[in-house]
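Trainee: Data: upload-v6.cif, mmCIF, C-alpha atoms and all ligand atoms.
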```cif
data_target
loop_
_atom_site.group_PDB
_atom_site.id
_atom_site.type_symbol
_atom_site.label_atom_id
_atom_site.label_comp_id
_atom_site.auth_asym_id
_atom_site.auth_seq_id
_atom_site.Cartn_x
_atom_site.Cartn_y
_atom_site.Cartn_z
ATOM 1 C CA MET K 3 12.132 -286.049 83.290
ATOM 2 C CA PRO K 4 13.104 -283.862 80.259
ATOM 3 C CA PRO K 5 12.678 -280.133 80.948
ATOM 4 C CA ILE K 6 10.628 -279.544 77.799
ATOM 5 C CA GLN K 7 7.655 -281.818 77.114
ATOM 6 C CA ILE K 8 5.265 -281.418 74.219
ATOM 7 C CA PHE K 9 1.729 -282.734 74.505
ATOM 8 C CA LEU K 10 -0.787 -283.620 71.850
ATOM 9 C CA ASP K 11 -3.547 -281.550 73.437
ATOM 10 C CA PRO K 12 -4.429 -279.474 76.545
ATOM 11 C CA GLN K 13 -6.065 -282.472 78.224
ATOM 12 C CA SER K 14 -2.924 -284.596 78.228
ATOM 13 C CA LEU K 15 -0.872 -281.581 79.291
ATOM 14 C CA ALA K 16 -3.212 -280.924 82.219
ATOM 15 C CA HIS K 17 -3.051 -284.562 83.332
ATOM 16 C CA ALA K 18 0.757 -284.437 83.279
ATOM 17 C CA ALA K 19 0.692 -281.228 85.307
ATOM 18 C CA ALA K 20 -1.745 -282.704 87.820
ATOM 19 C CA ALA K 21 0.446 -285.799 88.128
ATOM 20 C CA LEU K 22 3.517 -283.624 88.756
ATOM 21 C CA PHE K 23 1.597 -281.642 91.396
ATOM 22 C CA GLN K 24 0.569 -284.905 93.103
ATOM 23 C CA GLU K 25 4.149 -286.264 92.969
ATOM 24 C CA LYS K 26 5.725 -283.090 94.370
ATOM 25 C CA ALA K 27 3.093 -282.829 97.080
ATOM 26 C CA ALA K 28 3.599 -286.446 98.155
ATOM 27 C CA ASN K 29 7.395 -286.041 98.232
ATOM 28 C CA ALA K 30 7.328 -282.774 100.211
ATOM 29 C CA ILE K 31 4.758 -284.062 102.700
ATOM 30 C CA ALA K 32 6.725 -287.285 103.186
ATOM 31 C CA GLN K 33 9.938 -285.331 103.802
ATOM 32 C CA ARG K 34 8.680 -282.311 105.786
ATOM 33 C CA GLY K 35 5.002 -282.819 106.518
ATOM 34 C CA VAL K 36 4.008 -279.853 104.385
ATOM 35 C CA PHE K 37 3.773 -278.810 100.708
ATOM 36 C CA THR K 38 4.008 -275.188 99.644
ATOM 37 C CA VAL K 39 2.746 -274.276 96.183
ATOM 38 C CA ALA K 40 2.284 -270.997 94.312
ATOM 39 C CA LEU K 41 -0.611 -271.216 91.868
ATOM 40 C CA ALA K 42 -0.599 -269.586 88.458
ATOM 41 C CA GLY K 43 -3.368 -267.330 87.259
ATOM 42 C CA GLY K 44 -4.767 -266.755 83.810
ATOM 43 C CA SER K 45 -6.748 -269.486 82.070
ATOM 44 C CA THR K 46 -4.342 -272.272 81.117
ATOM 45 C CA PRO K 47 -4.025 -273.877 84.556
ATOM 46 C CA ARG K 48 -7.797 -274.060 85.098
ATOM 47 C CA MET K 49 -8.004 -277.525 83.544
ATOM 48 C CA THR K 50 -5.181 -278.784 85.775
ATOM 49 C CA TYR K 51 -6.931 -277.399 88.856
ATOM 50 C CA SER K 52 -10.206 -279.041 87.828
ATOM 51 C CA LEU K 53 -8.457 -282.389 87.362
ATOM 52 C CA LEU K 54 -6.878 -282.121 90.817
ATOM 53 C CA ALA K 55 -10.328 -281.491 92.309
ATOM 54 C CA ALA K 56 -11.607 -284.788 90.901
ATOM 55 C CA GLU K 57 -10.623 -288.450 91.008
ATOM 56 C CA PRO K 58 -8.160 -290.023 90.715
ATOM 57 C CA TYR K 59 -6.168 -287.077 92.073
ATOM 58 C CA ARG K 60 -8.532 -285.672 94.718
ATOM 59 C CA SER K 61 -8.401 -288.582 97.144
ATOM 60 C CA HIS K 62 -4.656 -289.172 96.672
ATOM 61 C CA ILE K 63 -3.419 -285.769 97.859
ATOM 62 C CA GLU K 64 -3.193 -284.745 101.516
ATOM 63 C CA TRP K 65 -4.896 -281.366 101.065
ATOM 64 C CA ALA K 66 -4.716 -280.507 104.783
ATOM 65 C CA LYS K 67 -0.919 -280.419 104.560
ATOM 66 C CA ILE K 68 -0.757 -277.957 101.678
ATOM 67 C CA HIS K 69 -0.218 -274.198 101.858
ATOM 68 C CA PHE K 70 -1.625 -272.492 98.778
ATOM 69 C CA PHE K 71 -0.158 -269.217 97.567
ATOM 70 C CA TRP K 72 -0.484 -267.252 94.321
ATOM 71 C CA GLY K 73 2.354 -266.146 92.094
ATOM 72 C CA ASP K 74 0.509 -262.969 91.200
ATOM 73 C CA GLU K 75 -2.861 -261.270 91.361
ATOM 74 C CA ARG K 76 -4.802 -258.660 89.556
ATOM 75 C CA CYS K 77 -5.842 -255.621 91.625
ATOM 76 C CA VAL K 78 -9.488 -256.594 91.817
ATOM 77 C CA PRO K 79 -11.728 -258.026 94.573
ATOM 78 C CA PRO K 80 -11.580 -261.797 95.177
ATOM 79 C CA ASP K 81 -15.006 -262.313 93.596
ATOM 80 C CA HIS K 82 -14.103 -260.429 90.407
ATOM 81 C CA PRO K 83 -14.091 -262.476 87.160
ATOM 82 C CA ASP K 84 -10.446 -261.452 86.580
ATOM 83 C CA SER K 85 -9.267 -262.598 90.013
ATOM 84 C CA ASN K 86 -6.662 -265.361 89.958
ATOM 85 C CA TYR K 87 -7.847 -266.334 93.425
ATOM 86 C CA ARG K 88 -11.420 -266.692 92.171
ATOM 87 C CA MET K 89 -10.312 -268.874 89.261
ATOM 88 C CA ALA K 90 -8.484 -271.273 91.599
ATOM 89 C CA LEU K 91 -11.372 -271.183 94.104
ATOM 90 C CA ASP K 92 -13.910 -272.071 91.416
ATOM 91 C CA ALA K 93 -11.777 -274.761 89.754
ATOM 92 C CA LEU K 94 -10.099 -276.351 92.787
ATOM 93 C CA LEU K 95 -10.229 -274.873 96.268
ATOM 94 C CA SER K 96 -14.009 -274.945 96.704
ATOM 95 C CA HIS K 97 -14.003 -278.660 95.841
ATOM 96 C CA ILE K 98 -11.325 -279.944 98.224
ATOM 97 C CA PRO K 99 -10.899 -280.015 102.039
ATOM 98 C CA VAL K 100 -8.443 -277.120 102.363
ATOM 99 C CA VAL K 101 -7.446 -275.648 105.742
ATOM 100 C CA PRO K 102 -8.689 -272.035 105.518
ATOM 101 C CA GLY K 103 -5.597 -270.638 107.254
ATOM 102 C CA GLN K 104 -3.474 -272.355 104.620
ATOM 103 C CA VAL K 105 -5.003 -270.541 101.652
ATOM 104 C CA HIS K 106 -2.916 -267.385 101.357
ATOM 105 C CA ARG K 107 -4.706 -264.935 99.100
ATOM 106 C CA MET K 108 -3.104 -261.767 97.768
ATOM 107 C CA GLN K 109 -5.252 -258.766 98.734
ATOM 108 C CA GLY K 110 -6.174 -257.665 95.232
ATOM 109 C CA GLU K 111 -8.957 -255.545 96.660
ATOM 110 C CA ASN K 112 -6.503 -253.319 98.555
ATOM 111 C CA PRO K 113 -6.362 -249.925 96.781
ATOM 112 C CA ASP K 114 -2.757 -249.650 97.926
ATOM 113 C CA ALA K 115 -1.057 -252.377 95.884
ATOM 114 C CA ALA K 116 2.331 -251.739 97.490
ATOM 115 C CA ARG K 117 0.820 -252.248 100.947
ATOM 116 C CA ALA K 118 -0.843 -255.457 99.739
ATOM 117 C CA ALA K 119 2.461 -256.704 98.319
ATOM 118 C CA ALA K 120 4.278 -255.954 101.568
ATOM 119 C CA ALA K 121 1.581 -257.719 103.561
ATOM 120 C CA TYR K 122 1.884 -260.767 101.328
ATOM 121 C CA GLU K 123 5.634 -260.919 101.802
ATOM 122 C CA ILE K 124 5.050 -260.885 105.575
ATOM 123 C CA GLU K 125 2.499 -263.692 105.181
ATOM 124 C CA ILE K 126 4.956 -265.779 103.157
ATOM 125 C CA ARG K 127 7.671 -265.254 105.765
ATOM 126 C CA ALA K 128 5.263 -266.200 108.552
ATOM 127 C CA VAL K 129 4.756 -269.591 106.918
ATOM 128 C CA PHE K 130 8.367 -270.263 105.933
ATOM 129 C CA GLY K 131 9.966 -269.015 109.153
ATOM 130 C CA ALA K 132 13.228 -267.225 109.678
ATOM 131 C CA VAL K 133 14.872 -267.730 106.305
ATOM 132 C CA ASP K 134 16.133 -264.958 104.050
ATOM 133 C CA LEU K 135 14.766 -266.594 100.923
ATOM 134 C CA PRO K 136 11.768 -268.956 101.248
ATOM 135 C CA LYS K 137 11.896 -272.074 99.079
ATOM 136 C CA PHE K 138 8.564 -273.057 97.539
ATOM 137 C CA ASP K 139 8.176 -276.727 96.739
ATOM 138 C CA LEU K 140 6.380 -275.921 93.480
ATOM 139 C CA VAL K 141 5.637 -272.759 91.519
ATOM 140 C CA LEU K 142 3.164 -272.990 88.644
ATOM 141 C CA LEU K 143 3.647 -270.432 85.903
ATOM 142 C CA GLY K 144 2.140 -269.430 82.590
ATOM 143 C CA LEU K 145 3.489 -267.512 79.617
ATOM 144 C CA GLY K 146 1.764 -264.504 78.139
ATOM 145 C CA PRO K 147 1.708 -263.764 74.386
ATOM 146 C CA ASP K 148 4.123 -260.895 75.127
ATOM 147 C CA GLY K 149 6.574 -263.147 76.936
ATOM 148 C CA HIS K 150 5.503 -262.168 80.451
ATOM 149 C CA THR K 151 5.112 -264.548 83.342
ATOM 150 C CA LEU K 152 3.556 -263.898 86.741
ATOM 151 C CA SER K 153 2.871 -260.166 86.461
ATOM 152 C CA LEU K 154 6.397 -259.495 85.261
ATOM 153 C CA PHE K 155 5.541 -257.678 82.048
ATOM 154 C CA PRO K 156 8.057 -256.399 79.467
ATOM 155 C CA GLY K 157 9.639 -253.101 80.426
ATOM 156 C CA THR K 158 8.122 -252.931 83.920
ATOM 157 C CA ALA K 159 9.869 -251.973 87.138
ATOM 158 C CA ALA K 160 9.451 -255.331 88.853
ATOM 159 C CA LEU K 161 11.902 -256.923 86.405
ATOM 160 C CA GLY K 162 14.709 -255.120 88.193
ATOM 161 C CA GLU K 163 13.660 -256.067 91.721
ATOM 162 C CA HIS K 164 16.466 -258.038 93.343
ATOM 163 C CA LYS K 165 15.556 -257.852 97.053
ATOM 164 C CA ALA K 166 11.834 -258.047 97.708
ATOM 165 C CA LEU K 167 9.883 -261.296 97.453
ATOM 166 C CA VAL K 168 6.630 -259.649 96.368
ATOM 167 C CA VAL K 169 6.059 -256.245 94.777
ATOM 168 C CA ALA K 170 3.382 -254.065 93.266
ATOM 169 C CA ASN K 171 4.077 -253.605 89.584
ATOM 170 C CA TRP K 172 2.551 -250.855 87.387
ATOM 171 C CA VAL K 173 1.597 -252.280 83.992
ATOM 172 C CA GLU K 174 1.282 -249.330 81.603
ATOM 173 C CA LYS K 175 -0.375 -251.240 78.801
ATOM 174 C CA PHE K 176 -3.245 -252.186 81.092
ATOM 175 C CA LYS K 177 -3.063 -248.939 83.081
ATOM 176 C CA THR K 178 -3.235 -250.988 86.241
ATOM 177 C CA TRP K 179 -1.257 -252.228 89.214
ATOM 178 C CA ARG K 180 -0.538 -255.901 89.699
ATOM 179 C CA ILE K 181 0.814 -257.760 92.727
ATOM 180 C CA THR K 182 3.525 -260.254 91.827
ATOM 181 C CA MET K 183 6.167 -262.534 93.236
ATOM 182 C CA THR K 184 9.607 -261.551 92.010
ATOM 183 C CA ALA K 185 12.033 -263.630 89.969
ATOM 184 C CA ARG K 186 14.307 -263.717 93.025
ATOM 185 C CA LEU K 187 11.692 -265.611 95.036
ATOM 186 C CA VAL K 188 10.472 -267.885 92.240
ATOM 187 C CA ASN K 189 13.988 -268.857 91.164
ATOM 188 C CA HIS K 190 14.661 -270.288 94.615
ATOM 189 C CA ALA K 191 11.812 -272.791 94.277
ATOM 190 C CA ALA K 192 12.535 -276.513 94.302
ATOM 191 C CA CYS K 193 10.440 -276.912 91.149
ATOM 192 C CA ILE K 194 8.941 -274.568 88.557
ATOM 193 C CA LEU K 195 6.361 -275.793 86.071
ATOM 194 C CA PHE K 196 5.339 -273.690 83.071
ATOM 195 C CA GLN K 197 2.113 -274.671 81.338
ATOM 196 C CA VAL K 198 1.926 -273.131 77.850
ATOM 197 C CA GLU K 199 -0.873 -273.661 75.352
ATOM 198 C CA GLY K 200 -2.100 -272.104 72.145
ATOM 199 C CA GLU K 201 -0.703 -270.806 68.876
ATOM 200 C CA ASP K 202 -0.421 -267.254 70.232
ATOM 201 C CA LYS K 203 2.335 -268.514 72.558
ATOM 202 C CA ALA K 204 4.417 -270.140 69.800
ATOM 203 C CA SER K 205 6.430 -267.059 68.918
ATOM 204 C CA PRO K 206 7.174 -265.804 72.448
ATOM 205 C CA LEU K 207 7.933 -269.351 73.556
ATOM 206 C CA ARG K 208 10.552 -269.769 70.859
ATOM 207 C CA GLU K 209 12.166 -266.462 71.866
ATOM 208 C CA VAL K 210 12.060 -267.302 75.571
ATOM 209 C CA LEU K 211 13.601 -270.739 75.124
ATOM 210 C CA TYR K 212 15.865 -270.287 72.116
ATOM 211 C CA GLY K 213 16.163 -266.561 71.424
ATOM 212 C CA ALA K 214 18.754 -264.060 72.609
ATOM 213 C CA HIS K 215 18.709 -263.382 76.353
ATOM 214 C CA GLU K 216 16.521 -260.299 76.510
ATOM 215 C CA PRO K 217 14.567 -260.549 79.796
ATOM 216 C CA GLY K 218 13.429 -256.949 79.525
ATOM 217 C CA LYS K 219 11.557 -257.959 76.397
ATOM 218 C CA TYR K 220 10.789 -261.552 77.393
ATOM 219 C CA PRO K 221 10.506 -261.556 81.210
ATOM 220 C CA ALA K 222 9.878 -265.300 81.357
ATOM 221 C CA GLN K 223 13.611 -265.592 80.639
ATOM 222 C CA LEU K 224 14.194 -264.335 84.187
ATOM 223 C CA THR K 225 12.996 -267.694 85.535
ATOM 224 C CA ARG K 226 16.261 -269.598 85.766
ATOM 225 C CA PRO K 227 16.102 -271.564 89.034
ATOM 226 C CA ALA K 228 19.396 -271.620 90.860
ATOM 227 C CA LYS K 229 19.243 -275.277 91.859
ATOM 228 C CA GLY K 230 15.648 -276.324 91.318
ATOM 229 C CA GLU K 231 13.954 -278.111 88.490
ATOM 230 C CA CYS K 232 12.217 -276.183 85.706
ATOM 231 C CA TYR K 233 9.751 -277.902 83.403
ATOM 232 C CA TRP K 234 7.938 -276.618 80.363
ATOM 233 C CA PHE K 235 4.734 -278.492 79.531
ATOM 234 C CA ILE K 236 3.706 -277.290 76.075
ATOM 235 C CA ASP K 237 0.903 -278.249 73.736
ATOM 236 C CA GLN K 238 1.554 -278.840 70.024
ATOM 237 C CA ARG K 239 0.123 -275.456 69.009
ATOM 238 C CA ALA K 240 2.474 -273.542 71.294
ATOM 239 C CA ALA K 241 5.389 -275.762 70.231
ATOM 240 C CA ALA K 242 4.836 -275.099 66.512
ATOM 241 C CA LEU K 243 7.891 -272.824 66.128
ATOM 242 C CA LEU K 244 10.290 -274.730 68.367
ATOM 243 C CA PRO K 245 13.174 -276.511 66.708
ATOM 244 C CA ALA K 246 12.596 -280.245 66.587
ATOM 245 C CA LEU K 247 13.968 -281.533 69.862
ATOM 246 C CA ASN K 248 16.448 -283.688 67.954
ATOM 247 C CA GLU K 249 17.658 -280.813 65.736
ATOM 248 C CA PRO K 250 21.230 -279.647 66.473
HETATM 249 C C1 LIG G 301 -2.009 -263.681 85.130
HETATM 250 C C2 LIG G 301 -0.951 -264.747 85.123
HETATM 251 C C3 LIG G 301 -0.154 -264.626 83.872
HETATM 252 C C4 LIG G 301 -0.564 -265.808 83.013
HETATM 253 C C5 LIG G 301 -0.172 -265.589 81.585
HETATM 254 C C6 LIG G 301 -0.736 -266.705 80.710
HETATM 255 O O1 LIG G 301 -2.301 -263.108 86.176
HETATM 256 O O2 LIG G 301 -2.577 -263.472 84.043
HETATM 257 O O3 LIG G 301 -0.226 -264.821 86.213
HETATM 258 O O4 LIG G 301 1.227 -264.625 84.043
HETATM 259 O O5 LIG G 301 0.058 -266.995 83.522
HETATM 260 O O6 LIG G 301 -0.724 -264.357 81.179
HETATM 261 O O7 LIG G 301 -2.128 -266.645 80.804
HETATM 262 P P1 LIG G 301 -3.043 -267.729 80.066
HETATM 263 O O8 LIG G 301 -2.749 -269.026 80.742
HETATM 264 O O9 LIG G 301 -4.442 -267.250 80.312
HETATM 265 O O10 LIG G 301 -2.644 -267.729 78.630
#
```
Please, can you express the file's structure as structure tokens?
Ligand code: 6PG

Mentor:
Amino acid sequence: MPPIQIFLDPQSLAHAAAALFQEKAANAIAQRGVFTVALAGGSTPRMTYSLLAAEPYRSHIEWAKIHFFWGDERCVPPDHPDSNYRMALDALLSHIPVVPGQVHRMQGENPDAARAAAAYEIEIRAVFGAVDLPKFDLVLLGLGPDGHTLSLFPGTAALGEHKALVVANWVEKFKTWRITMTARLVNHAACILFQVEGEDKASPLREVLYGAHEPGKYPAQLTRPAKGECYWFIDQRAAALLPALNEP
């Protein structure tokens, strides 16, 4: 499958993402009896999650064999409108037969973001066992209009984290802490899928994919999986500034 795919509209992009989720889940469960996925936050993936919660996907995925994680979380309670957990709960998790102990929520409500990040790293390691670097089967990501992904924002400390799996990251422009997986952890995943939609992503997307390597300015450039697959599912609006795929 080509790494960069452009879709006519968000609906066809979401169906392709749901199909990839279903394929990766089936393969992982067939091979190891379990599927580990890190969900993206924001708004773009909501449609994909809603599709997965309905037919034809819902009854063709072995939900009880999936461990759900989040790539990042805002420092808010789980019922807050900004919570990435709440978005996935509303769109997907409340509609499928998940195993409660297999839904691994970041503690956004913890006033000590660093403690919450450390606790999440322990929770990840408890699921993956005694490995130095856990390998997620699938990590879903988005792209912000400033070139961020996860909660790895331009110019923030987490960009330089090369040891931890999960950190608290101060985001000056929002005057808030975030909890985020690090590039080190995400880049070890078997498969990364970016879902990017909207004209406000056209410029950062071009820089991330075809611009100079400036991860401090465009943190999404940090996602360069060592051995895994990395796919970019993009709608036509976000692809508007990309060179035609057949251009030299
Ligand atoms: C978050 C996400 C973030 C998101 C991008 C794109 O917590 O907001 O993790 O990285 O994926 O900001 O967001 P949209 O999909 O809403 O454009």

Trainee: Between atom C6 of ligand LIG 301 (chain G) and atom CA of Gln104 of chain K, what distance in Å does the model show, to one decimal?

Mentor: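 About the pair atom C6 of ligand LIG 301 (chain G) and atom CA of Gln104 of chain K: they are 24.7 Å apart.
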
Trainee: May I have the protein, DNA and RNA residues with any atom at most 9 Å from the point (1.4, -265.7, 84.5), counting only C-alpha atoms, written as a PyMOL selection string?

Mentor: chain K and resi 42-44+73-74+142-146+150-154

Trainee: Please write as a PDB file with C-alpha atoms, in the coordinates of the input the full residue list that the PyMOL selection byres (((chain K and resi 18) around 12) and not hetatm) yields on this file.

Mentor:
```
ATOM      1  CA  MET K   3      12.132-286.049  83.290  1.00  0.00           C
ATOM      2  CA  GLN K   7       7.655-281.818  77.114  1.00  0.00           C
ATOM      3  CA  ILE K   8       5.265-281.418  74.219  1.00  0.00           C
ATOM      4  CA  PHE K   9       1.729-282.734  74.505  1.00  0.00           C
ATOM      5  CA  LEU K  10      -0.787-283.620  71.850  1.00  0.00           C
ATOM      6  CA  ASP K  11      -3.547-281.550  73.437  1.00  0.00           C
ATOM      7  CA  PRO K  12      -4.429-279.474  76.545  1.00  0.00           C
ATOM      8  CA  GLN K  13      -6.065-282.472  78.224  1.00  0.00           C
ATOM      9  CA  SER K  14      -2.924-284.596  78.228  1.00  0.00           C
ATOM     10  CA  LEU K  15      -0.872-281.581  79.291  1.00  0.00           C
ATOM     11  CA  ALA K  16      -3.212-280.924  82.219  1.00  0.00           C
ATOM     12  CA  HIS K  17      -3.051-284.562  83.332  1.00  0.00           C
ATOM     13  CA  ALA K  19       0.692-281.228  85.307  1.00  0.00           C
ATOM     14  CA  ALA K  20      -1.745-282.704  87.820  1.00  0.00           C
ATOM     15  CA  ALA K  21       0.446-285.799  88.128  1.00  0.00           C
ATOM     16  CA  LEU K  22       3.517-283.624  88.756  1.00  0.00           C
ATOM     17  CA  PHE K  23       1.597-281.642  91.396  1.00  0.00           C
ATOM     18  CA  GLN K  24       0.569-284.905  93.103  1.00  0.00           C
ATOM     19  CA  GLU K  25       4.149-286.264  92.969  1.00  0.00           C
ATOM     20  CA  PRO K  47      -4.025-273.877  84.556  1.00  0.00           C
ATOM     21  CA  MET K  49      -8.004-277.525  83.544  1.00  0.00           C
ATOM     22  CA  THR K  50      -5.181-278.784  85.775  1.00  0.00           C
ATOM     23  CA  TYR K  51      -6.931-277.399  88.856  1.00  0.00           C
ATOM     24  CA  LEU K  53      -8.457-282.389  87.362  1.00  0.00           C
ATOM     25  CA  LEU K  54      -6.878-282.121  90.817  1.00  0.00           C
ATOM     26  CA  TYR K  59      -6.168-287.077  92.073  1.00  0.00           C
ATOM     27  CA  LEU K 195       6.361-275.793  86.071  1.00  0.00           C
ATOM     28  CA  PHE K 196       5.339-273.690  83.071  1.00  0.00           C
ATOM     29  CA  GLN K 197       2.113-274.671  81.338  1.00  0.00           C
ATOM     30  CA  TYR K 233       9.751-277.902  83.403  1.00  0.00           C
ATOM     31  CA  TRP K 234       7.938-276.618  80.363  1.00  0.00           C
ATOM     32  CA  PHE K 235       4.734-278.492  79.531  1.00  0.00           C
ATOM     33  CA  ILE K 236       3.706-277.290  76.075  1.00  0.00           C
ATOM     34  CA  ASP K 237       0.903-278.249  73.736  1.00  0.00           C
TER      35      ASP K 237
END
```

Trainee: Nearest residue to ligand LIG 301 (chain G) out of K:Val129, K:Ala66, K:Val105, K:Val198, using all atoms listed in the file?

Mentor: K:Val198

Trainee: If the PyMOL selection byres (((chain K and resi 223-225) around 9) and not hetatm) were run on this exact file, what residues would it hold? Put them as a list in words.

Mentor: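 Given this file, the PyMOL selection byres (((chain K and resi 223-225) around 9) and not hetatm) evaluates to Gly149, His150, Thr151, Leu161, Ala185, Arg186, Val188, Asn189, Ile194, Glu209, Val210, Leu211, His215, Glu216, Pro217, Gly218, Lys219, Tyr220, Pro221, Ala222, Arg226, Pro227 and Cys232 of chain K.
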
Trainee: Just to confirm, what's the straight-line distance from atom CA of Pro4 of chain K to atom CA of His62 of chain K in Å (one decimal)?

Mentor: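 Result for atom CA of Pro4 of chain K versus atom CA of His62 of chain K: 24.8 Å, one decimal.
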
Trainee: Could you spell out the hits of the PyMOL selection byres (((chain K and resi 140) around 7) and not hetatm) on the shown file, as a list in words?

Mentor: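 When the PyMOL selection byres (((chain K and resi 140) around 7) and not hetatm) is applied, the selected residues are Thr38, Val39, Ala40, Phe138, Asp139, Val141, Leu142, Ala191, Ala192, Cys193 and Ile194 of chain K.
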
Trainee: Assuming 3 Å of padding per side, give the centre and edge lengths of the axis-aligned box around every listed atom of ligand LIG 301 (chain G), in Å to one decimal and as AutoDock Vina command-line options.

Mentor:
```
--center_x -1.6 --center_y -266.1 --center_z 82.4 --size_x 11.7 --size_y 11.9 --size_z 13.6
```

Trainee: I'd like the interatomic distance between atom CA of Gln33 of chain K and atom CA of Glu123 of chain K, to a tenth of an Å.

Mentor: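 Between atom CA of Gln33 of chain K and atom CA of Glu123 of chain K the gap is 24.9 Å.
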
Trainee: From the set K:Asn112, K:Asn29, K:Gln238, K:Thr184, which residue has the shortest atom-to-atom contact distance to Pro79 of chain K, counting only C-alpha atoms?

Mentor: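 Of the candidates, the smallest distance to Pro79 of chain K is held by K:Asn112.
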
Trainee: Using all atoms listed in the file, determine which residues lie at most 8 Å from Ala27 of chain K, disregarding the query and same-chain residues fewer than 5 positions distant; provide the list as a PDB file with C-alpha atoms, in the frame of the given file.

Mentor:
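Saved as part_17.pdb:
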```
ATOM      1  CA  VAL K  36       4.008-279.853 104.385  1.00  0.00           C
ATOM      2  CA  PHE K  37       3.773-278.810 100.708  1.00  0.00           C
ATOM      3  CA  ILE K  63      -3.419-285.769  97.859  1.00  0.00           C
ATOM      4  CA  GLU K  64      -3.193-284.745 101.516  1.00  0.00           C
ATOM      5  CA  ILE K  68      -0.757-277.957 101.678  1.00  0.00           C
ATOM      6  CA  ASP K 139       8.176-276.727  96.739  1.00  0.00           C
TER       7      ASP K 139
END
```

Trainee: Counting only C-alpha atoms and all ligand atoms, which of K:Gly110, K:Gly157, K:Gly162, K:Pro245 gets nearest to ligand LIG 301 (chain G)?

Mentor: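 Closest candidate: K:Gly110.
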